[in-house]
Structures are given as structure tokens and as C-alpha cells.
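Okay, data-v5.txt now, which holds compact mmCIF, C-alpha atoms and all ligand atoms:
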```txt
# COMPACT_ATOMS: atom_id res chain seq x y z
CA MET A 60 49.60 -98.72 133.17
CA ASP A 61 48.87 -95.98 135.66
CA LYS A 62 49.59 -93.06 133.35
CA LEU A 63 46.77 -93.50 130.88
CA ASN A 64 47.78 -90.82 128.45
CA ASN A 65 51.38 -91.96 128.49
CA ILE A 66 50.72 -95.46 127.25
CA ASN A 67 53.24 -95.73 124.46
CA ASN A 68 52.17 -99.00 123.09
CA THR A 69 48.91 -100.88 123.30
CA LEU A 70 49.92 -104.51 123.57
CA ARG A 71 48.41 -106.75 120.86
CA LEU A 72 47.50 -110.16 122.28
CA LYS A 73 46.17 -113.18 120.43
CA ALA A 74 43.11 -114.72 122.06
CA ASN A 75 43.98 -118.27 121.00
CA GLU A 76 47.24 -118.27 123.00
CA HIS A 77 46.95 -119.29 126.64
CA ASN A 78 49.79 -116.96 127.64
CA SER A 79 47.87 -114.03 126.18
CA ILE A 80 44.86 -114.86 128.35
CA LEU A 81 47.15 -114.87 131.40
CA THR A 82 48.81 -111.60 130.36
CA ALA A 83 45.39 -109.95 129.90
CA ALA A 84 44.27 -111.24 133.32
CA ASN A 85 47.48 -109.98 134.97
CA ILE A 86 47.09 -106.51 133.52
CA LEU A 87 43.50 -106.44 134.81
CA LYS A 88 44.61 -107.63 138.28
CA LYS A 89 47.03 -104.69 138.39
CA GLY A 90 44.26 -102.20 137.60
CA GLY A 91 44.91 -101.88 133.86
CA VAL A 92 42.50 -101.59 130.95
CA VAL A 93 42.27 -104.30 128.27
CA ALA A 94 39.93 -104.52 125.25
CA LEU A 95 38.35 -107.98 125.09
CA PRO A 96 36.22 -109.59 122.39
CA THR A 97 32.64 -110.58 123.16
CA GLU A 98 29.95 -112.11 120.95
CA THR A 99 28.34 -108.66 120.54
CA VAL A 100 31.10 -106.01 120.27
CA TYR A 101 34.57 -105.54 121.77
CA GLY A 102 34.47 -104.28 125.34
CA LEU A 103 36.91 -102.20 127.37
CA ALA A 104 37.55 -104.23 130.51
CA ALA A 105 38.68 -103.19 133.98
CA ASN A 106 38.28 -104.50 137.53
CA GLY A 107 34.65 -103.77 138.47
CA PHE A 108 35.60 -103.42 142.16
CA CYS A 109 38.47 -100.98 141.63
CA GLU A 110 37.49 -97.31 141.37
CA ALA A 111 40.85 -96.24 139.95
CA ALA A 112 40.69 -98.86 137.18
CA ILE A 113 37.11 -97.88 136.33
CA ALA A 114 38.11 -94.22 136.23
CA ARG A 115 40.70 -95.12 133.57
CA ILE A 116 37.92 -96.52 131.39
CA PHE A 117 35.91 -93.32 131.63
CA LYS A 118 39.02 -91.37 130.72
CA ALA A 119 40.05 -93.63 127.82
CA LYS A 120 36.52 -93.52 126.37
CA LYS A 121 35.88 -89.85 127.23
CA ARG A 122 32.61 -91.16 128.62
CA PRO A 123 30.25 -88.97 130.66
CA ASN A 124 30.52 -89.93 134.35
CA ASN A 125 26.80 -90.54 134.77
CA ASN A 126 26.65 -93.25 132.10
CA PRO A 127 26.81 -96.58 134.00
CA LEU A 128 28.75 -99.66 132.95
CA ILE A 129 27.77 -103.30 132.55
CA LEU A 130 29.43 -105.74 134.96
CA HIS A 131 30.51 -108.87 133.09
CA VAL A 132 30.60 -112.04 135.16
CA LYS A 133 31.60 -115.68 134.72
CA ASN A 134 28.48 -117.31 136.19
CA LYS A 135 25.03 -116.70 137.68
CA GLU A 136 26.26 -116.90 141.25
CA GLN A 137 28.68 -114.07 140.64
CA ALA A 138 25.86 -112.07 139.01
CA LEU A 139 23.56 -112.63 141.98
CA SER A 140 26.31 -111.59 144.39
CA LEU A 141 26.25 -108.14 142.74
CA LEU A 142 22.48 -107.71 142.91
CA ASP A 143 20.21 -107.00 145.84
CA ILE A 144 17.08 -108.83 144.76
CA ASP A 145 14.66 -108.63 147.66
CA CYS A 146 11.41 -109.95 146.20
CA LYS A 147 10.53 -113.39 144.90
CA LEU A 148 8.93 -112.10 141.72
CA THR A 149 12.12 -110.32 140.65
CA LEU A 150 14.19 -113.37 141.54
CA ASP A 151 11.90 -115.59 139.43
CA ARG A 152 12.24 -113.18 136.55
CA PHE A 153 16.03 -113.14 136.93
CA LYS A 154 16.15 -116.94 137.00
CA LYS A 155 14.03 -117.37 133.89
CA LEU A 156 16.00 -114.82 131.89
CA SER A 157 19.45 -115.99 132.98
CA GLN A 158 18.52 -119.64 132.45
CA LYS A 159 17.37 -119.02 128.90
CA PHE A 160 19.72 -116.35 127.63
CA TRP A 161 23.04 -116.68 129.51
CA PRO A 162 25.77 -116.82 128.50
CA GLY A 163 24.52 -114.47 125.81
CA PRO A 164 23.62 -111.00 124.56
CA LEU A 165 21.24 -110.03 127.37
CA THR A 166 22.09 -107.51 130.10
CA ILE A 167 19.91 -107.67 133.20
CA ILE A 168 19.49 -104.61 135.43
CA ALA A 169 18.24 -104.92 139.01
CA LYS A 170 18.88 -103.28 142.39
CA ALA A 171 22.62 -103.13 143.11
CA GLN A 172 24.55 -104.38 146.12
CA GLN A 173 26.21 -101.57 148.07
CA LYS A 174 29.67 -103.04 147.43
CA ILE A 175 29.60 -102.02 143.76
CA PRO A 176 31.50 -98.73 143.38
CA LYS A 177 29.18 -95.83 142.54
CA ILE A 178 31.46 -94.91 139.65
CA ALA A 179 30.42 -98.18 137.93
CA THR A 180 26.69 -97.55 138.28
CA GLY A 181 26.88 -93.86 137.41
CA GLY A 182 25.41 -93.11 140.82
CA LEU A 183 22.24 -95.18 140.20
CA ASP A 184 21.01 -97.70 142.77
CA THR A 185 20.75 -100.40 140.10
CA ALA A 186 23.46 -102.49 138.42
CA ALA A 187 23.69 -104.08 134.98
CA VAL A 188 25.13 -107.61 134.66
CA ARG A 189 25.71 -110.13 131.91
CA ILE A 190 27.66 -113.31 131.11
CA PRO A 191 29.24 -112.92 127.67
CA ASP A 192 28.95 -115.85 125.29
CA CYS A 193 32.58 -115.67 124.24
CA LYS A 194 35.11 -118.27 125.27
CA GLU A 195 38.07 -115.88 125.22
CA SER A 196 36.43 -113.40 127.60
CA LEU A 197 35.22 -116.22 129.82
CA ARG A 198 38.77 -117.58 129.99
CA VAL A 199 39.97 -114.20 131.21
CA LEU A 200 37.07 -113.94 133.70
CA ASN A 201 37.91 -117.41 135.00
CA GLU A 202 41.39 -116.18 135.96
CA LEU A 203 39.88 -113.39 138.07
CA ASP A 204 37.99 -113.16 141.34
CA PHE A 205 36.26 -109.90 140.40
CA PRO A 206 33.72 -108.88 137.72
CA LEU A 207 34.79 -106.82 134.73
CA VAL A 208 33.10 -103.58 133.76
CA MET A 209 33.05 -103.56 129.97
CA PRO A 210 31.59 -100.73 127.93
CA SER A 211 32.06 -100.96 124.19
CA ALA A 212 35.73 -100.36 123.31
CA ASN A 213 35.31 -97.11 121.38
CA VAL A 214 35.72 -93.47 122.22
CA SER A 215 32.25 -92.15 123.20
CA THR A 216 30.00 -91.14 120.30
CA ARG A 217 31.85 -93.36 117.77
CA PRO A 218 30.53 -96.68 116.38
CA SER A 219 31.19 -99.76 118.52
CA PRO A 220 34.14 -101.94 117.47
CA THR A 221 33.56 -105.43 116.08
CA SER A 222 37.22 -106.26 115.33
CA MET A 223 40.63 -105.47 116.82
CA LYS A 224 41.23 -103.08 113.94
CA HIS A 225 38.21 -100.99 114.96
CA VAL A 226 39.34 -101.00 118.61
CA LEU A 227 42.74 -99.63 117.64
CA LEU A 228 41.19 -96.92 115.45
CA THR A 229 40.07 -95.04 118.55
CA MET A 230 41.92 -96.75 121.43
CA ASP A 231 45.53 -97.25 120.31
CA HIS A 232 47.86 -95.71 122.94
CA ARG A 233 44.88 -95.10 125.25
CA ILE A 234 44.66 -98.61 126.74
CA ASP A 235 47.15 -101.21 127.95
CA ALA A 236 46.25 -104.10 125.65
CA VAL A 237 43.78 -105.59 123.21
CA LEU A 238 42.99 -109.28 122.93
CA ASP A 239 42.38 -110.18 119.29
CA GLY A 240 39.50 -112.66 119.08
CA GLY A 241 38.60 -111.99 115.42
CA HIS A 242 35.31 -110.55 114.23
CA CYS A 243 32.41 -110.43 116.73
CA ARG A 244 29.68 -112.95 115.93
CA ILE A 245 26.64 -110.70 116.53
CA GLY A 246 27.99 -107.20 115.95
CA VAL A 247 25.25 -105.27 117.81
CA GLU A 248 25.32 -104.65 121.59
CA SER A 249 23.31 -106.73 124.06
CA SER A 250 19.61 -106.18 124.72
CA VAL A 251 19.30 -104.37 128.07
CA ILE A 252 16.34 -105.27 130.30
CA ARG A 253 15.48 -103.88 133.73
CA ILE A 254 13.55 -105.97 136.21
CA ASP A 255 11.98 -105.11 139.56
CA CYS A 256 8.88 -106.16 141.45
CA LYS A 257 6.65 -104.02 139.29
CA ASN A 258 7.85 -103.81 135.71
CA ILE A 259 10.02 -105.44 133.13
CA THR A 260 11.40 -102.80 130.80
CA LEU A 261 13.45 -103.25 127.65
CA LEU A 262 15.81 -100.27 127.75
CA ARG A 263 17.97 -101.09 124.73
CA PRO A 264 16.92 -103.37 121.88
CA GLY A 265 19.44 -105.98 120.80
CA SER A 266 19.50 -109.30 119.03
CA ILE A 267 17.15 -110.79 121.66
CA GLY A 268 13.80 -109.17 120.87
CA LYS A 269 10.80 -108.17 123.01
CA ASP A 270 8.78 -111.15 121.74
CA GLU A 271 11.45 -113.64 122.77
CA LEU A 272 11.74 -112.03 126.21
CA GLU A 273 7.96 -112.10 126.69
CA LYS A 274 7.83 -115.73 125.66
CA CYS A 275 10.51 -116.62 128.18
CA LEU A 276 8.88 -114.69 131.04
CA ASN A 277 5.28 -115.26 130.07
CA GLU A 278 4.71 -111.62 130.99
CA GLU A 279 4.49 -108.27 129.25
CA VAL A 280 7.74 -106.45 128.59
CA ILE A 281 7.49 -102.66 128.31
CA GLN A 282 9.54 -101.15 125.52
CA ALA A 283 11.10 -97.91 126.79
CA LYS A 284 10.34 -95.10 124.38
CA ASN A 285 13.08 -92.72 123.34
CA ASN A 286 11.82 -89.93 125.55
CA GLU A 287 11.73 -92.35 128.47
CA THR A 288 15.34 -93.33 128.01
CA GLN A 289 16.59 -89.93 129.07
CA LEU A 290 18.42 -89.68 132.36
CA PRO A 291 18.32 -91.41 134.68
CA ILE A 292 16.62 -94.56 133.32
CA SER A 293 19.35 -95.60 130.91
CA PRO A 294 21.80 -92.79 130.39
CA GLY A 295 23.57 -94.44 127.44
CA CYS A 296 20.40 -94.31 125.36
CA SER A 297 20.18 -90.54 125.48
CA TYR A 298 23.61 -89.61 124.14
CA LEU A 299 24.92 -89.05 120.69
CA HIS A 300 26.20 -92.47 119.70
CA TYR A 301 27.56 -94.70 116.97
CA SER A 302 28.30 -91.73 114.73
CA PRO A 303 30.74 -92.12 111.84
CA LYS A 304 32.98 -89.14 111.11
CA VAL A 305 31.46 -88.07 107.82
CA LYS A 306 29.91 -84.81 106.65
CA SER A 307 26.41 -86.02 107.53
CA ALA A 308 24.62 -89.34 107.95
CA ARG A 309 20.97 -89.91 107.10
CA MET A 310 18.52 -92.77 106.57
CA ILE A 311 16.42 -92.61 103.41
CA ASN A 312 14.00 -94.90 101.59
CA VAL A 313 14.62 -96.54 98.24
CA ASP A 314 12.51 -94.01 96.29
CA GLU A 315 14.54 -91.12 97.64
CA ALA A 316 17.75 -93.03 96.90
CA LYS A 317 17.16 -92.73 93.17
CA LYS A 318 18.05 -89.05 93.10
CA TYR A 319 21.43 -89.68 94.73
CA TRP A 320 22.46 -92.66 92.59
CA PHE A 321 24.84 -90.61 90.45
CA GLU A 322 25.94 -88.21 93.20
CA LYS A 323 29.17 -88.60 95.15
CA HIS A 324 27.31 -89.50 98.35
CA SER A 325 28.45 -92.67 100.13
CA ILE A 326 25.69 -95.24 100.50
CA ILE A 327 25.01 -98.27 102.62
CA ILE A 328 22.38 -100.47 100.98
CA THR A 329 21.10 -104.04 101.14
CA ASN A 330 21.93 -106.53 98.42
CA SER A 331 18.55 -106.85 96.75
CA GLU A 332 17.76 -103.11 96.84
CA PHE A 333 21.20 -102.51 95.30
CA ASP A 334 20.53 -105.03 92.53
CA LYS A 335 17.17 -103.44 91.72
CA LEU A 336 18.56 -99.89 91.56
CA LYS A 337 21.55 -101.02 89.54
CA GLU A 338 19.30 -102.77 87.06
CA GLN A 339 17.23 -99.61 86.69
CA PHE A 340 20.00 -97.01 86.59
CA GLY A 341 23.29 -98.83 85.90
CA ASN A 342 26.56 -98.59 87.80
CA ARG A 343 27.34 -95.80 90.25
CA ASP A 344 30.42 -93.66 89.73
CA ASN A 345 33.57 -95.59 90.73
CA SER A 346 34.73 -92.81 93.00
CA ALA A 347 31.52 -92.94 95.08
CA LEU A 348 31.56 -95.33 98.03
CA THR A 349 28.89 -98.04 97.85
CA ILE A 350 28.72 -100.49 100.74
CA VAL A 351 26.43 -103.43 100.07
CA LEU A 352 25.23 -105.45 103.07
CA SER A 353 23.10 -108.57 103.41
CA ASP A 354 19.28 -108.61 103.20
CA ASP A 355 19.33 -110.73 106.32
CA PRO A 356 19.18 -108.57 109.49
CA ILE A 357 21.44 -110.92 111.44
CA ASN A 358 24.18 -110.66 108.85
CA PHE A 359 23.48 -106.94 108.30
CA GLY A 360 23.90 -106.35 112.05
CA GLN A 361 27.21 -108.21 112.08
CA HIS A 362 28.68 -105.79 109.53
CA LEU A 363 26.83 -102.59 110.46
CA TYR A 364 29.57 -100.91 112.52
CA GLY A 365 32.24 -102.07 110.06
CA ALA A 366 30.26 -100.29 107.33
CA LEU A 367 29.99 -97.11 109.42
CA TYR A 368 33.77 -97.14 109.99
CA LYS A 369 34.32 -97.78 106.28
CA SER A 370 32.19 -94.77 105.40
CA GLU A 371 34.83 -92.65 107.17
CA GLU A 372 37.14 -93.28 104.19
CA LYS A 373 35.06 -90.54 102.54
CA ILE A 374 35.05 -88.20 105.50
CA ASN A 375 33.95 -85.15 103.48
CA ASN A 376 30.97 -86.84 101.86
CA ASP A 377 27.41 -87.33 103.04
CA LEU A 378 26.44 -90.86 104.01
CA LEU A 379 23.04 -92.21 103.04
CA ILE A 380 21.73 -95.41 104.57
CA ILE A 381 19.08 -96.81 102.24
CA LEU A 382 16.57 -98.81 104.23
CA PRO A 383 15.08 -101.94 102.73
CA ARG A 384 11.41 -101.71 101.73
CA ILE A 385 10.36 -104.48 104.07
CA MET A 386 11.66 -104.79 107.63
CA ASP A 387 10.31 -106.97 110.45
CA SER A 388 11.00 -106.73 114.19
CA ARG A 389 14.41 -108.35 113.73
CA TRP A 390 15.55 -104.98 112.37
CA ASN A 391 14.61 -103.11 115.58
CA ALA A 392 18.09 -103.03 117.13
CA ILE A 393 19.65 -101.97 113.82
CA ILE A 394 17.15 -99.14 113.31
CA ASP A 395 17.70 -98.03 116.92
CA ARG A 396 21.48 -97.75 116.35
CA LEU A 397 21.08 -96.10 112.96
CA ASN A 398 18.64 -93.54 114.38
CA ARG A 399 21.30 -92.44 116.81
CA ALA A 400 24.17 -92.69 114.31
CA CYS A 401 22.22 -90.28 112.13
CA SER A 402 21.18 -87.87 114.85
CA HIS A 403 24.20 -85.64 114.47
CA ASN A 404 26.35 -84.19 111.74
CA PHE A 405 30.03 -83.52 112.23
O1 LIG B 501 26.95 -105.99 124.27
C1 LIG B 501 27.21 -105.18 125.17
O2 LIG B 501 26.39 -104.85 126.04
C2 LIG B 501 28.62 -104.55 125.17
C3 LIG B 501 29.64 -105.67 125.39
C4 LIG B 501 31.05 -105.17 125.50
O3 LIG B 501 29.27 -106.43 126.49
N1 LIG B 501 28.71 -103.52 126.13
C5 LIG B 501 28.09 -102.33 126.00
O4 LIG B 501 28.34 -101.44 127.03
O5 LIG B 501 27.39 -102.06 125.06
P1 LIG B 501 28.00 -99.89 126.91
O6 LIG B 501 28.58 -99.28 128.15
O7 LIG B 501 28.50 -99.37 125.63
O8 LIG B 501 26.45 -99.83 127.02
C6 LIG B 501 25.81 -100.13 128.26
C7 LIG B 501 24.42 -99.55 128.27
C8 LIG B 501 24.44 -98.05 128.32
O9 LIG B 501 23.39 -97.60 127.49
C9 LIG B 501 24.15 -97.75 129.79
O10 LIG B 501 23.55 -96.49 129.99
C10 LIG B 501 23.22 -98.90 130.14
O11 LIG B 501 23.75 -100.01 129.44
N2 LIG B 501 23.24 -99.19 131.59
C11 LIG B 501 24.24 -99.74 132.32
N3 LIG B 501 23.90 -99.83 133.62
C12 LIG B 501 22.65 -99.32 133.72
C13 LIG B 501 21.75 -99.10 134.80
N4 LIG B 501 22.06 -99.43 136.05
N5 LIG B 501 20.54 -98.57 134.52
C14 LIG B 501 20.21 -98.23 133.25
N6 LIG B 501 21.02 -98.39 132.18
C15 LIG B 501 22.23 -98.91 132.42
MG MG B 502 28.69 -98.22 123.89
```
What would the structure in this file look like if it were written as C-alpha cells?
Ligand code: TXA
Ligand code: MG
Amino acid sequence: MDKLNNINNTLRLKANEHNSILTAANILKKGGVVALPTETVYGLAANGFCEAAIARIFKAKKRPNNNPLILHVKNKEQALSLLDIDCKLTLDRFKKLSQKFWPGPLTIIAKAQQKIPKIATGGLDTAAVRIPDCKESLRVLNELDFPLVMPSANVSTRPSPTSMKHVLLTMDHRIDAVLDGGHCRIGVESSVIRIDCKNITLLRPGSIGKDELEKCLNEEVIQAKNNETQLPISPGCSYLHYSPKVKSARMINVDEAKKYWFEKHSIIITNSEFDKLKEQFGNRDNSALTIVLSDDPINFGQHLYGALYKSEEKINNDLLIILPRIMDSRWNAIIDRLNRACSHNF
């Protein structure tokens, strides 16, 4: 467990077996690294109070040191024990958000307690916390008296994993174990919100939208713009991310899609746009990869990263993501991830 690059075998554990939960907890107590399911994506867990264990995560993920990690906790008390909230307004905001959205896909950032190792916060004076809405992860957390740092369980720059298979694609032999909890229910990472006495800022869109957050708080939430999410506000938003290993990845509209229908390009497309194009032009070539996802953004989000990993089956081809004609704010998190998945060509 201590020689990260010498891990011969990543232990496969089944989340529905109590012994597996205990084994995962024991590995974590000894400073190991275990991939755990959550409702959003799989996370790479380690003891949030142990610098050496956290360092293993950075190494396994090849993650830049200044990109901070989310501390996952079992209850609100544990979350509050990690934060240094010194004004009533911030505390009220924390209470409203945690009451409404926890356990769930919302990460709250506020001033950090000194006891949190700097390696976890990437040197920032704030900390990110959330309670995952996933019984398997909560069972593991309940066996522990420390929080778990849990970045997504993928090597940096690659799409986040939403099944054990995805975790093993980039993490096999790099981590001690993976707890198989099946496919993640949401499939897109948590919304990340920062609160202090002045502002409430949505740093990363997720399945909980700005409108829902504003309704809960009865206050304005500022949406961080891309150029505001550079260092040091939310380091993870400024890196190359979520990128499938294909020749190039690009988002296009349906009109543009027509000219590629008979090309070898891989495409990701929604059901009804696919039906319309197929009706107009007929079948695509069998050898071209066509991944059809739901028209519903919730379902689309669930299968987004799976589709990006699938596109890697045609590593030498260009990937085109054909956006539906009509998209409402429920697509925001998906478009955010796709923008970054497409920002780089291998
Ligand atoms: O749904 C999720 O949030 C998943 C699951 C496993 O819980 N975790 C996840 O972690 O997505 P990660 O490390 O891949 O993304 C965490 C994001 C990064 O963009 C990071 O920069 C940001 O949260 N973050 C963490 N702490 C921060 C802080 N103190 N200030 C600003 N941004 C922070
Ligand atoms: Mg990530």
C-alpha cells in the first residue's frame, strides 16, 4: 500500500458485501487509496487528515499540486468541524444549503480550519466539503473517524468514471482497491458553491442549478465566468479536463452535422436529432461509431462520460458531439464539461 507504483493488484470489492465495506475502511485507516462510488462519479478516497495518504492520491491521479480536493463527510457536524465560519450570515447560508441539499451533489466551500492539511486545500485558506448521497460511501465513512478526500477516480485530464470499469481503465495497479457500487446515478460531478460573508459564487455547475440554489437561499448566486475560474478561485476549472483520447473532439450543431453523416467521424447525438437525420439521410456507415443518448438532460448526463470513454474505441477518428437544437438551463453542467472535453486535441 505504501509503494504506489508497485501495487500489483487493485483489489475488486463488492459494495453490497459488509466485509468489503470493512476491508475498504481498513485500507483507508492504514493510509491506502480506495475508489468509492458516489451518486455523481466514482471518487478516489484517502484519509483527509493524513498528508502521506493524500500525496498518494495526487500521485495516482497525476494531479497538479495546487488543485484542491473535496472533503467528504458523514454528517453536518463533521463538515462544520472542518470549516471556520466566523460570521452569522455565512453560517445561515451553510445551514440552508446543507439542510436542503445534503446528502447530495452539492459541494460547499468556506474558510478552512487550520487542522486541514494544506496539501488537501492546494494551499488555499478555504476548504470544500460535501456529504455524498450514496449508501455505500456513507457506510465506509461511518467506519472512520476522519473525512475522506475524494477527487474523481480518473487520471487527470481524462473523463470522470461512472462505473468500476471506467475506474480500472485509468487506475488499475495505481490504487489499492475499488468498491464496485454499479453505475453512478447522476453521472456529472457535484455543483461547487463558495460562501462567505459577502458573496455566494457558483464555481462549478452541476445537477443542482443556480435557480435552485437561489430559491433555497433567497439570495443572488453569482455564476463564476470561465475567466474568473482561473487560479486561485477554483483551480480544477482551469485545467484541461474530461478529454477522451481521440484525434480531436468538437461540439457542432445539427446543420453542420449533415456534412459529416457519411464520414468516418464518431458522433455523440441525442435520440430525436438522430432520428431526424436518419430519416433525411439514411443509415450511417456501419464502421463509423454513432453513440445515441437520451433527449433528457438528466439521462444524457448519466451516460455522458461513458460515451466519451466509448469514443476511445475509435482513437484515430475525430469525435463530433452534436448538440440538440433546444437546450434549457438543465444542460448547463453538461455543456460546461463538454466545453472542456473539447478544448484540446490529442
Ligand atoms: O461529485 C464530485 O464532486 C466528485 C465526487 C467524487 O464527490 N468529486 C470531484 O472532485 O469532482 P474533483 O477533485 O474532481 O473536483 C473538485 C473541484 C475541483 O474543480 C477543485 O478545484 C474544486 O472542486 N475545489 C476544491 N476545493 C476548492 C477550494 N477550496 N476552492 C475552490 N475550488 C475548490
Ligand atoms: Mg475531477
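For the residues A:Ala112, A:Ile350, A:Ile311, A:Leu95, ranking by smallest atom-to-atom distance to Gly241 in chain A using all atoms listed in the file places A:Leu95 first.
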Listed atoms of ligand LIG 501 (chain B), axis-aligned box, 6 Å per side: centre and edge lengths to one decimal in Å, as AutoDock Vina command-line options?
```
--center_x 25.6 --center_y -101.5 --center_z 130.2 --size_x 22.8 --size_y 21.9 --size_z 23.8
```
Inset, instruction - Pick out the closest residue to ligand LIG 501 (chain B) from this set: A:Ala74, A:Ile144, A:Ala212, A:Val93. Count all atoms listed in the file. - result: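 Among A:Ala74, A:Ile144, A:Ala212, A:Val93, it is A:Ala212 that comes nearest to ligand LIG 501 (chain B).
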Inset, instruction - Would you list the residues that come within 7 Å of ligand MG 502 (chain B)? Count all atoms listed in the file and give the answer as a PyMOL selection string. - result: chain A and resi 210-211+219
Inset, instruction - Would you mind listing what lies within 10 Å of Ser196 in chain A as a list in words, with all atoms listed in the file counted and same-chain residues fewer than 6 positions away left out? - result: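 The residues that qualify are Ala74, Ile80, Ala83, Ala84, Ala94, Leu95, Pro96, Thr97, Glu98, Tyr101, Gly102, Ala104, His131, Val132, Lys133, Ile190, Leu207, Leu238 and Gly240 of chain A.
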Please produce a file of the residues just selected, as a PDB file, keeping the file's coordinate frame, where the atoms kept are C-alpha atoms.
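Result file result-v2.pdb:
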```
ATOM      1  CA  ALA A  74      43.110-114.720 122.060  1.00  0.00           C
ATOM      2  CA  ILE A  80      44.860-114.860 128.350  1.00  0.00           C
ATOM      3  CA  ALA A  83      45.390-109.950 129.900  1.00  0.00           C
ATOM      4  CA  ALA A  84      44.270-111.240 133.320  1.00  0.00           C
ATOM      5  CA  ALA A  94      39.930-104.520 125.250  1.00  0.00           C
ATOM      6  CA  LEU A  95      38.350-107.980 125.090  1.00  0.00           C
ATOM      7  CA  PRO A  96      36.220-109.590 122.390  1.00  0.00           C
ATOM      8  CA  THR A  97      32.640-110.580 123.160  1.00  0.00           C
ATOM      9  CA  GLU A  98      29.950-112.110 120.950  1.00  0.00           C
ATOM     10  CA  TYR A 101      34.570-105.540 121.770  1.00  0.00           C
ATOM     11  CA  GLY A 102      34.470-104.280 125.340  1.00  0.00           C
ATOM     12  CA  ALA A 104      37.550-104.230 130.510  1.00  0.00           C
ATOM     13  CA  HIS A 131      30.510-108.870 133.090  1.00  0.00           C
ATOM     14  CA  VAL A 132      30.600-112.040 135.160  1.00  0.00           C
ATOM     15  CA  LYS A 133      31.600-115.680 134.720  1.00  0.00           C
ATOM     16  CA  ILE A 190      27.660-113.310 131.110  1.00  0.00           C
ATOM     17  CA  LEU A 207      34.790-106.820 134.730  1.00  0.00           C
ATOM     18  CA  LEU A 238      42.990-109.280 122.930  1.00  0.00           C
ATOM     19  CA  GLY A 240      39.500-112.660 119.080  1.00  0.00           C
TER      20      GLY A 240
END
```
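Counting from CA of Cys256 in chain A, the distance to atom N2 of ligand LIG 501 (chain B) is 18.8 Å.
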Inset, instruction - Might you pull out every residue within 9 Å of range 367-376 of chain A, with all atoms listed in the file counted and same-chain residues fewer than 2 positions away left off, and present them as a list in words? - result: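 Near neighbours after the sequence-gap exclusion: Arg217, Pro218, Pro220, His225, Tyr301, Ser302, Pro303, Lys304, Val305, Lys306, Ser307, Lys323, His324, Ser325, Ile326, Ile327, Ala347, Leu348, Thr349, Ile350, His362, Leu363, Tyr364, Gly365, Leu378 and Ala400 of chain A.
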Legend entry - Residue neighbourhood range 173-188 of chain A, 10 Å, all atoms listed in the file, exclusion window fewer than 6 positions, as a ChimeraX atom specification: /A:107-111,113-114,117,123-132,135,137-143,165-167,206-209,251-255,291-294
Inset, instruction - Just the residues within 9 Å of Arg71 in chain A, please, counting all atoms listed in the file, with nothing from its chain fewer than 5 positions along; format it as JSON, numbers by chain. - result: {"A": [223, 236, 237, 238, 239]}
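CA of Ile168 in chain A is positioned 9.5 Å from CA of Thr260 in chain A.
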Reconstructed range 374-380 of chain A, atom set all heavy atoms, as a compact mmCIF listing (two decimals), in the coordinates of the input:
```txt
# COMPACT_ATOMS: atom_id res chain seq x y z
N ILE A 374 35.41 -89.03 104.35
CA ILE A 374 35.05 -88.20 105.50
C ILE A 374 34.30 -86.91 105.10
O ILE A 374 33.46 -86.42 105.83
CB ILE A 374 36.34 -87.90 106.30
CG1 ILE A 374 36.04 -87.36 107.68
CG2 ILE A 374 37.29 -87.00 105.55
CD1 ILE A 374 37.24 -87.40 108.61
N ASN A 375 34.58 -86.41 103.88
CA ASN A 375 33.95 -85.15 103.48
C ASN A 375 32.64 -85.34 102.73
O ASN A 375 32.04 -84.37 102.26
CB ASN A 375 34.91 -84.34 102.60
CG ASN A 375 36.13 -83.92 103.41
OD1 ASN A 375 35.98 -83.54 104.57
ND2 ASN A 375 37.31 -84.04 102.82
N ASN A 376 32.22 -86.58 102.59
CA ASN A 376 30.97 -86.84 101.86
C ASN A 376 29.81 -87.14 102.80
O ASN A 376 30.01 -87.55 103.95
CB ASN A 376 31.15 -88.02 100.90
CG ASN A 376 32.02 -87.65 99.72
OD1 ASN A 376 32.48 -86.51 99.62
ND2 ASN A 376 32.28 -88.60 98.85
N ASP A 377 28.61 -86.95 102.28
CA ASP A 377 27.41 -87.33 103.04
C ASP A 377 27.24 -88.84 102.94
O ASP A 377 27.54 -89.43 101.90
CB ASP A 377 26.17 -86.65 102.44
CG ASP A 377 26.29 -85.15 102.51
OD1 ASP A 377 26.25 -84.61 103.62
OD2 ASP A 377 26.43 -84.52 101.43
N LEU A 378 26.73 -89.43 104.02
CA LEU A 378 26.44 -90.86 104.01
C LEU A 378 24.93 -91.07 104.02
O LEU A 378 24.22 -90.49 104.85
CB LEU A 378 27.06 -91.54 105.26
CG LEU A 378 26.64 -92.98 105.50
CD1 LEU A 378 27.17 -93.91 104.40
CD2 LEU A 378 27.14 -93.47 106.87
N LEU A 379 24.46 -91.89 103.09
CA LEU A 379 23.04 -92.21 103.04
C LEU A 379 22.86 -93.69 103.33
O LEU A 379 23.53 -94.53 102.72
CB LEU A 379 22.48 -91.90 101.65
CG LEU A 379 22.62 -90.45 101.19
CD1 LEU A 379 22.22 -90.31 99.73
CD2 LEU A 379 21.76 -89.53 102.07
N ILE A 380 22.01 -94.01 104.28
CA ILE A 380 21.73 -95.41 104.57
C ILE A 380 20.34 -95.70 103.97
O ILE A 380 19.35 -95.11 104.39
CB ILE A 380 21.77 -95.70 106.07
CG1 ILE A 380 23.20 -95.41 106.58
CG2 ILE A 380 21.41 -97.15 106.38
CD1 ILE A 380 23.25 -94.64 107.83
```
